[in-house]
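All remarks here apply to the structure that follows.
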Amino acid sequence: MKHRIVVLGAGYAGANAAGRLARRLHPADTEITLVNAEPGFVERIRLHQLATGQDLKPRPLADVFAGTGVQVRIARVTAVDAERKTVHTEGAGEIAYDTLVYALGSTAADHGVPGVAEHAHYVAGRESALRLRARLADLAAGGTVLVVGGGLTGIEAATEIAEARPDLEVALAARGGLGDWLSEKAQSHLRTAFGRLGITVHEHTEVTGVEPGRAITAGGGEIPAEVTVWTAGFAVHPIAAATTLEVSAEGQIIVDETMRSVSHPDVYAVGDAALAPGASGSPLRMSCASGVPAAHHAADVIAARLTGRPVPPNKIGYNAQCVSLGRRDGVLQWVTPDDQVKPSAVTGKAAARMKELICRTAVWSVSHPTSMLPVRHRHLVPVEVLATAV
């Protein structure tokens with residue numbers, strides 16, 4: 001009987017994990033199933049572009065994984081039974097596994113702020129980005145747009161909207177200072193870019209409510225906003241927290257340095273859904289920069305354990321944080337492997353080109369799942385040997 005590997009979620013982490021497993025394991029011994037709610041791969045790191053009217057190339061998962069040996073099942077995951085080793089779905093029924101790779105990612109979190117769910121827009125998913133796109137298209141010249149959240153997503157959304165619609169009044173509300181975690185050079189360039197694009201910045205401002213036409217701030221102030229875009233944090237899907245898997249307070253699956261669940265050795269978690277350590281031991285942040293290398297590492301570990309080979313070490317670390325400021329400007333902030341900011345940064349058109357290259361490389365790794373070398377279809381070792389593997 002073939003060893004059944006089920007990968008949940010076909011974002012950057014899940015799709016890379018499935019493709020790499022297909023490159024590492026012999027199809028005669030394994031059955032790899034990729035489960036995803038949408039039929040196409042979503043370029044999440046470009047959703048702010050989609051929201052401002054730019055079109056993204058469609059990438060149907062059935063085409064992406066054609067001929068790879070990966071079975072694509074379009075279905076929404078509703079539950080995981082970690083004791084029975086089954087996944088419950090809407091669209092594909094119950095799916096049994098021997099090894100599970102959990103990569104369901106994250107979605108926007110309103111943190112209980114009144115009015116966000118009813119009145120705000122998001123860029124955390126394709127459908128929500130398309131709803132924002134339609135709303136922005138209906139907004140007349142002089143309309144007000146407020147982006148709430150001063151992180152990378154908020155900065156990219158605000159600058160993309162301001163560049164695409166210079167006729168709008170765009171503002172950003174941040175709980176801290178604008179880009180205050182960046183180096184002085186990067187912060188200075190960020191402020192210059194916001195000034196050039198005419199974006200009003202409300203620093204050290206906490207939004208405590210969203211209403212039609214305005215956002216309410218702590219202390220009772222208000223900011224005009226015909227459209228509010230909420231980017232103030234992300235949360236993982238609640239499915240893992242409803243299982244017997246050990247999870248963090250935020251619902252992320254706690255894994256060891258091999259991306260394996262600390263409570264269930266047949267479950268691995270990658271991407272935003274995992275509380276995972278990098279090579280330095282520090283937790284990886286929610287990002288594509290974490291998800292892709294974590295997916296590669298998990299796939300290599302699974303293949304090594306199933307084929308009786310040495311488990312590779314965790315070498316996951318960071319090089320940079322990159323942020324686009326519209327299509328022709330950006331910041332590439334150099335960081336240490338444990339994600340601490342260095343004094344140096346690349347700014348302007350050069351940073352924009354480097355960010356674009358990173359985005360293209362990320363999607364290429366997904367859309368060419370078995371093209372990357374080396375391809376070694378290794379056979380599994382006997383079950384009795386696997387039982388003693390670590």
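Letters A, B, ... go to the chains of the structure tokens in the order shown; residues in each chain start at 1; ligands are counted from 1 in the same order.
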Enumerate, in order of chain and increasing residue number, the residues of stretch 48-152 of chain A with an atom no farther than 8 Å from stretch 25-39 of chain A, each with its shortest atom pair and distance in Å to one decimal, counting only C-alpha atoms, as CSV.
```
residue,atom,partner,partner_atom,distance
A:Pro60,CA,A:Pro39,CA,5.8
A:Leu61,CA,A:Pro39,CA,5.9
A:Ala62,CA,A:Pro39,CA,7.5
A:Gly69,CA,A:Pro27,CA,6.6
A:Val70,CA,A:Ile32,CA,5.1
A:Gln71,CA,A:Thr33,CA,4.6
A:Val72,CA,A:Leu34,CA,4.9
A:Arg73,CA,A:Val35,CA,4.8
A:Ile74,CA,A:Asn36,CA,5.2
A:Ala75,CA,A:Ala37,CA,4.7
A:Arg76,CA,A:Ala37,CA,4.5
A:Val77,CA,A:Ala37,CA,7.3
```
Practice problem: Write down as a list in words the residues belonging to stretch 244-283 of chain A that are assigned strand (DSSP E) by DSSP computed on the backbone. | Solution: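 DSSP on the backbone gives strand (DSSP E) at Ile253, Ile254, Val267, Tyr268, Ala269, Ala274 and Leu275 of chain A.
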Quiz item: Looking at A:His119, A:Lys342, A:Arg305, A:His189, which one is nearest to A:Pro265, with distances taken over only C-alpha atoms?
Solution: A:Arg305
Exercise. Compile the contact shell of stretch 321-328 of chain A as a ChimeraX atom specification: residues with an atom at most 9 Å away, counting only C-alpha atoms, same-chain residues fewer than 6 positions apart removed.
Key: /A:49,152-153,155-164,190,193-194,289,334-335,339,341,348-356,358
Exercise. Quote the spacing between atom CA of A:Glu257 and atom CA of A:Arg309 in Å to one decimal place.
Key: 17.0 Å
Self-check item: Residue nearest A:Thr258 among A:Arg196, A:Lys315, A:Arg376, A:Arg126 (counting only C-alpha atoms)
Solution: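 Among the listed residues, the smallest separation from A:Thr258 belongs to A:Lys315.
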Using only C-alpha atoms, what does the table of stretch 58-128 of chain A residues within 9 Å of stretch 232-249 of chain A look like, with each row giving the shortest atom pair and its distance in Å to one decimal, sorted by chain and ascending number, as a Markdown table?
```
| residue | atom | partner | partner_atom | distance |
| --- | --- | --- | --- | --- |
| A:Val77 | CA | A:Ile239 | CA | 8.3 |
| A:Thr78 | CA | A:Ile239 | CA | 7.0 |
| A:Ala79 | CA | A:Ile239 | CA | 5.8 |
| A:Val80 | CA | A:Thr243 | CA | 6.5 |
| A:Asp81 | CA | A:Thr243 | CA | 6.5 |
| A:Ala82 | CA | A:Thr244 | CA | 6.5 |
| A:Glu83 | CA | A:Thr244 | CA | 7.7 |
| A:Tyr102 | CA | A:Ala240 | CA | 8.8 |
| A:Leu104 | CA | A:His237 | CA | 7.0 |
| A:Gly105 | CA | A:Val236 | CA | 6.1 |
| A:Ser106 | CA | A:Val236 | CA | 4.1 |
| A:Thr107 | CA | A:Phe234 | CA | 5.5 |
| A:Ala108 | CA | A:Phe234 | CA | 4.5 |
| A:Ala109 | CA | A:Phe234 | CA | 4.8 |
| A:Asp110 | CA | A:Ala232 | CA | 7.4 |
| A:His111 | CA | A:Gly233 | CA | 8.0 |
| A:Ala124 | CA | A:Phe234 | CA | 8.3 |
```
Keeping only N, CA and C atoms, write the selected residues to a file as an mmCIF file, in the first residue's frame.
```cif
data_model
loop_
_atom_site.group_PDB
_atom_site.id
_atom_site.type_symbol
_atom_site.label_atom_id
_atom_site.label_comp_id
_atom_site.auth_asym_id
_atom_site.auth_seq_id
_atom_site.Cartn_x
_atom_site.Cartn_y
_atom_site.Cartn_z
ATOM 1 N N VAL A 77 -11.350 22.611 3.580
ATOM 2 C CA VAL A 77 -11.100 21.814 4.778
ATOM 3 C C VAL A 77 -11.980 22.334 5.907
ATOM 4 N N THR A 78 -12.711 21.427 6.558
ATOM 5 C CA THR A 78 -13.587 21.817 7.662
ATOM 6 C C THR A 78 -13.102 21.296 9.009
ATOM 7 N N ALA A 79 -12.318 20.221 9.003
ATOM 8 C CA ALA A 79 -11.827 19.667 10.272
ATOM 9 C C ALA A 79 -10.700 18.688 10.000
ATOM 10 N N VAL A 80 -9.870 18.500 11.029
ATOM 11 C CA VAL A 80 -8.799 17.501 10.988
ATOM 12 C C VAL A 80 -8.939 16.632 12.231
ATOM 13 N N ASP A 81 -8.971 15.323 12.037
ATOM 14 C CA ASP A 81 -8.986 14.377 13.156
ATOM 15 C C ASP A 81 -7.591 13.781 13.258
ATOM 16 N N ALA A 82 -6.787 14.339 14.154
ATOM 17 C CA ALA A 82 -5.387 13.924 14.258
ATOM 18 C C ALA A 82 -5.224 12.541 14.862
ATOM 19 N N GLU A 83 -6.258 12.026 15.519
ATOM 20 C CA GLU A 83 -6.171 10.683 16.094
ATOM 21 C C GLU A 83 -6.529 9.625 15.060
ATOM 22 N N TYR A 102 0.290 20.477 7.086
ATOM 23 C CA TYR A 102 -0.748 21.475 7.337
ATOM 24 C C TYR A 102 -0.210 22.845 6.929
ATOM 25 N N LEU A 104 -2.503 25.722 5.910
ATOM 26 C CA LEU A 104 -3.709 26.478 5.615
ATOM 27 C C LEU A 104 -3.545 27.982 5.760
ATOM 28 N N GLY A 105 -2.401 28.429 6.241
ATOM 29 C CA GLY A 105 -2.094 29.853 6.215
ATOM 30 C C GLY A 105 -2.876 30.688 7.199
ATOM 31 N N SER A 106 -3.123 31.939 6.822
ATOM 32 C CA SER A 106 -3.765 32.891 7.729
ATOM 33 C C SER A 106 -4.742 33.761 6.960
ATOM 34 N N THR A 107 -5.517 34.499 7.711
ATOM 35 C CA THR A 107 -6.468 35.438 7.135
ATOM 36 C C THR A 107 -6.446 36.712 7.968
ATOM 37 N N ALA A 108 -7.170 37.736 7.515
ATOM 38 C CA ALA A 108 -7.192 39.009 8.242
ATOM 39 C C ALA A 108 -7.854 38.837 9.602
ATOM 40 N N ALA A 109 -7.351 39.569 10.587
ATOM 41 C CA ALA A 109 -7.901 39.521 11.943
ATOM 42 C C ALA A 109 -8.395 40.907 12.334
ATOM 43 N N ASP A 110 -9.642 40.982 12.796
ATOM 44 C CA ASP A 110 -10.177 42.293 13.179
ATOM 45 C C ASP A 110 -9.921 42.628 14.640
ATOM 46 N N HIS A 111 -9.393 41.646 15.415
ATOM 47 C CA HIS A 111 -9.053 41.840 16.833
ATOM 48 C C HIS A 111 -10.235 42.364 17.645
ATOM 49 N N ALA A 124 -6.275 40.276 2.215
ATOM 50 C CA ALA A 124 -5.685 39.019 2.685
ATOM 51 C C ALA A 124 -6.078 37.829 1.841
#
```
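Non-sequential neighbours of A:Tyr97 (distance at most 9 Å, separation of 6 or more positions within a chain, only C-alpha atoms) are A:His3, A:Arg4, A:Ile5, A:Val6, A:Lys85, A:Thr86, A:Val87, A:Asp266.
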Selected residues, N, CA and C atoms, written as an mmCIF file, in the first residue's frame, please.
```cif
data_model
loop_
_atom_site.group_PDB
_atom_site.id
_atom_site.type_symbol
_atom_site.label_atom_id
_atom_site.label_comp_id
_atom_site.auth_asym_id
_atom_site.auth_seq_id
_atom_site.Cartn_x
_atom_site.Cartn_y
_atom_site.Cartn_z
ATOM 1 N N HIS A 3 2.223 5.039 0.699
ATOM 2 C CA HIS A 3 2.206 5.955 1.829
ATOM 3 C C HIS A 3 1.464 7.213 1.392
ATOM 4 N N ARG A 4 0.403 7.567 2.110
ATOM 5 C CA ARG A 4 -0.470 8.678 1.737
ATOM 6 C C ARG A 4 -0.023 9.973 2.411
ATOM 7 N N ILE A 5 0.404 10.924 1.590
ATOM 8 C CA ILE A 5 0.789 12.239 2.094
ATOM 9 C C ILE A 5 -0.260 13.240 1.638
ATOM 10 N N VAL A 6 -0.852 13.947 2.585
ATOM 11 C CA VAL A 6 -1.874 14.946 2.272
ATOM 12 C C VAL A 6 -1.348 16.318 2.679
ATOM 13 N N LYS A 85 -6.383 10.221 11.859
ATOM 14 C CA LYS A 85 -5.604 10.576 10.681
ATOM 15 C C LYS A 85 -6.504 10.791 9.465
ATOM 16 N N THR A 86 -7.490 11.652 9.638
ATOM 17 C CA THR A 86 -8.400 11.975 8.553
ATOM 18 C C THR A 86 -8.615 13.481 8.475
ATOM 19 N N VAL A 87 -8.926 13.920 7.278
ATOM 20 C CA VAL A 87 -9.253 15.321 7.016
ATOM 21 C C VAL A 87 -10.680 15.358 6.486
ATOM 22 N N ASP A 266 3.181 12.420 13.015
ATOM 23 C CA ASP A 266 2.795 12.229 11.614
ATOM 24 C C ASP A 266 2.235 13.509 10.997
#
```
When you look at A:Leu306 with a cut-off of 8 Å (counting only C-alpha atoms), what residues show up, excluding the ones that are within fewer than 3 positions of it in the same chain? I need them as a JSON list (two decimals) with N, CA and C atoms, in the first residue's frame.
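Ended up saving to result23.json:
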```json
[["chain", "number", "residue", "atom", "x", "y", "z"],
["A", 302, "ILE", "N", 10.65, 15.03, 5.61],
["A", 302, "ILE", "CA", 9.71, 13.92, 5.40],
["A", 302, "ILE", "C", 10.33, 12.89, 4.47],
["A", 303, "ALA", "N", 10.91, 13.35, 3.36],
["A", 303, "ALA", "CA", 11.54, 12.43, 2.42],
["A", 303, "ALA", "C", 12.69, 11.67, 3.07],
["A", 309, "ARG", "N", 17.11, 8.16, 5.33],
["A", 309, "ARG", "CA", 18.32, 8.97, 5.15],
["A", 309, "ARG", "C", 18.47, 9.98, 6.29],
["A", 380, "LEU", "N", 10.80, 4.33, -0.64],
["A", 380, "LEU", "CA", 10.65, 4.26, 0.80],
["A", 380, "LEU", "C", 11.32, 3.01, 1.34],
["A", 381, "VAL", "N", 11.77, 3.10, 2.57],
["A", 381, "VAL", "CA", 12.34, 1.93, 3.22],
["A", 381, "VAL", "C", 11.19, 1.13, 3.84],
["A", 386, "LEU", "N", 11.02, 2.14, 9.15],
["A", 386, "LEU", "CA", 10.43, 3.44, 9.44],
["A", 386, "LEU", "C", 10.01, 3.55, 10.90]]
```
Quiz item: So how far away is atom CA of A:Leu50 from atom CA of A:Gly142, in Å?
Solution: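 Answer for the atom CA of A:Gly142 to atom CA of A:Leu50 separation: 21.5 Å.
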Quiz prompt | stretch 25-255 of chain A: residues DSSP assigns to helix (DSSP H, G or I), reported as number ranges by chain | solution = A: 44-51, 61-64, 116-119, 126-138, 152-164, 184-197, 240-242
Exercise. Grab the atom CA of A:Val207 to atom CA of A:Gln54 distance for me, in Å with one decimal place.
Key: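 Calculated distance between atom CA of A:Val207 and atom CA of A:Gln54 is 28.8 Å.
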